[in-house]
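K.L.:
Below is one structure. I have some questions about it.
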Amino acid sequence: MKSEVMVGNKAVAYATKLARANLIAAYPITPQTTIVEYLSDFVAGGDLKAEFVTVEGEITAQLVCLSGSIAGARTFTATSGEGLLYMSHALHHTARYWAPVVMAVCNRSVRTMQPDHTDLLAQRETGWIQLYCENNQEVLDTGIMAYKIAEDDRVRLPVAYALDGYVLSFTAEPVEIPDQEKVDAWLPPFKTQYPVLPETWDHDLEEYKKHWAQGKGINEPFTPFAGDENFSHLTMVSWGKGHDLQWRWRAHQEAMMRAKKVIREVNEDYGKHFGRSYGNGLLEEYRTEDADAVIVAMGTLASTSRVAVDNLRKQGKKIGLVKLKSYRPFPDEEFRDIGKRVGTIGVIDRNISLGENGIAYGSIRSSVYDLKDRPKVLGFYAGLAGREVRVRDIEKAAEMTLKGAEGAPTWIG
Amino acid sequence: MIEIRFHGRGGQGAVTAVKILASAIYLEGKFTQAIPMYGTERRGAPVAAFCRVDDTRIRERDLVHEPDMVVVLDPLLNRSVDVTDGLKKGGLVIVNHPGAAKDTGLAGDFKVATVDATKIALDVIGRPITNTAILGAFAKATGLVKLESLAEAVKSELPARLIPTNVDAMKKAYEATNAPVDASGFKKAEIVKKTSTQPMISYSRNVSDWRVIRPVVDKAKCVGCKRCWVYCPETAISLVDNKAEINYDYCKGCGICSEECLVHAIKMEREEV
Ligand code: SF4
Ligand code: SF4
């Protein structure tokens, strides 16, 4: 195993190479651009066998990945901020076709080029899985795990993994690069659910022909798993139940919920094979044992928060950290469990849903609402539009959380 | 944990310097982090970059505000930026300066080591890009990293053709570094925000103190073709009586005019410190 001091964007490129993505389509935008540059270097140098499609914008980038994935390619794209917003409607399409496209998002505030999480969180209703990383090693590992999660038969949904633009994109730190053979053994080649090219399809073509010959086609879904609720989404191969399209949302929701289990499993299995895992895959608790209160943070704010928690622990203050990694699907059961153990949860959002609250704050409050003895949930805003978040800023939020103060969400920094 | 802040100007390679330093120290078995601070990204504009060194993985994600060490790639930078702001008591500054520590205009409860990195860079590399030379001086003054590790780390950061001269610049600077001197009795140079009395052009900002080298027009050679006028990114050139004339308030010393002049009428000369 090699290691190298590398920036976050290079970690993304390495992950994509190790996963052997063979169709890449992306349009450059700061701070994502160097991902595309590293990958085109890999392809040009023969280190990665992939079709590299240069496109005229992000919608096309996403649609190339969608159609390529349907045809059996393992696909990759990457974007940031405005590029992601421009791509938005295509994101819905990729998800509704159950195409396991993987995308890296270098979070970029829509107000500056610096990071906040509003760009990707604003896509939370597109039906993509969303994972947020705190350091470059986690970026590389998540970039590999993303394919295993996306392509799992119980999921078959696209995955976006996020790194804070600039803060991780351009910061260099040591990253271990797993051996290609080990990744190959762990992540088998991709097979599509769609009968476009027989060699990349994982069902029996003869059975499929028979299905259509019997005139079933549109009204009776072709799937070897039909009727098995664990695989209800595979009915997407045909039109399914006529024009009843509400069931598609339902099937999609069921797959999202199943993804929680799959993410936990993949994270644990990755740990077994590569020696690194990240909490339970959906979230990670840090020094929460015996904690009176916890703060919650995503992305690099979780990294800085670890230092703040250590500092306060040294002063004998019983505070812990919950790093929220998977925003979609949302780990509500985990938060209910945490809610039973602590008096107060302080949620630090690097995002805002204007007119309401921080986005994670709302989700976490809602998760614990049904608990009989529910904890207080406080909200904080920090690091929006790329404002620097210092350890002392997090300490302030943590102290307020420990006090359990009431009131509207607080702006920090 | 040791925290280091680099000050330079766009084009001097401060960002590459922290990356090389972080890679070199990692080669010696420590955890590191290299953070660039992106500003206007204009050649000549003041920029900063940061490096952290520790025995375990570094979790801090903010910039460095109270450095243990400061590295200054440009002799005149301390006239416009407070480079020792937040520097820990007893800390160390490594500055690119042709003179002695007492002449640098840096003063306070810290030590100052000097090296004429611009001269070394011009002699060895042929351009005033001082990042590798200053790293050689850093190795000497701090003992935090070996010269060999730096030479190894350069390989992954620079194109092959530039490696021999840059490694040479490191070595020369290592040897030429003046030992750190206590700066508590020195006189601190004033930080002046320069404004211009000239009519407003360019970004209407006086950038004269960004210059390390200045263009000088040989009017006898100038044929008045306006090539330099077209290419100057700061619109600092006008043609007076059909000859190029440089407005030194707005010239940042990038040297593009000199590169572009086909009759070699513009020479770049080193600025006095
Ligand atoms: S490019 Fe050279 S010759 Fe042409 S105007 Fe400028 S200085 Fe004169
Ligand atoms: S006059 Fe020449 S050196 Fe000065 S800014 Fe213009 S191109 Fe650069």
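A note on labels: chains of the structure tokens are A, B, ... as shown, every chain counts residues from 1, and ligands are counted from 1 in their shown order.
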At a cut-off of 7 Å, which residues of chain B touch chain A? Count only C-alpha atoms and give the answer as an NGL selection string.
P.N.:
:B and (19 or 23 or 31-36 or 59-62)
K.L.:
Would you save the residues from that selection as a CSV table (one decimal), in the first residue's frame, using C-alpha atoms?
P.N.:
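Here's the written file out.csv:
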```csv
chain,number,residue,atom,x,y,z
B,19,LYS,CA,3.0,21.3,-0.3
B,23,SER,CA,5.4,16.0,1.7
B,31,PHE,CA,1.7,13.9,9.9
B,32,THR,CA,1.3,17.1,8.0
B,33,GLN,CA,-1.2,19.4,6.4
B,34,ALA,CA,-0.7,22.0,3.7
B,35,ILE,CA,-3.3,24.7,3.3
B,36,PRO,CA,-3.4,27.3,0.6
B,59,ARG,CA,-7.9,17.5,12.6
B,60,GLU,CA,-7.8,21.3,12.7
B,61,ARG,CA,-9.5,22.8,9.6
B,62,ASP,CA,-9.1,26.5,10.3
```
K.L.:
Determine, counting only C-alpha atoms, which protein, DNA and RNA residues have an atom within 12 Å of an atom of Gly126 (chain B); residues of the same chain fewer than 6 positions away are not included. Present the result as a count of residues only.
P.N.:
9
K.L.:
Kindly work out which residues sit at most 9 Å from ligand 1, using only C-alpha atoms and all ligand atoms, and give the list as a PyMOL selection string.
P.N.:
chain B and resi 217-219+221-231+237-239+242-245+257-266
K.L.:
Using only C-alpha atoms and all ligand atoms, which residues of the polymer chains come no farther than 7 Å from ligand 2? I'd like the answer as a list in words.
P.N.:
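With only C-alpha atoms and all ligand atoms and a cut-off of 7 Å, ligand 2 is contacted by Arg214, Pro215, Cys228, Tyr231, Cys232, Pro233, Glu234, Thr235, Ala236, Ile237, Ile246, Tyr250, Cys251, Lys252, Gly253, Cys254, Gly255, Ile256, Cys257 and Ser258 of chain B.
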K.L.:
Give me the residues within 7 Å of Ala49 (chain B) as a PyMOL selection string, counting only C-alpha atoms and dropping any in the same chain fewer than 2 places off.
P.N.:
chain B and resi 5-7+14-15+18+35-37+47
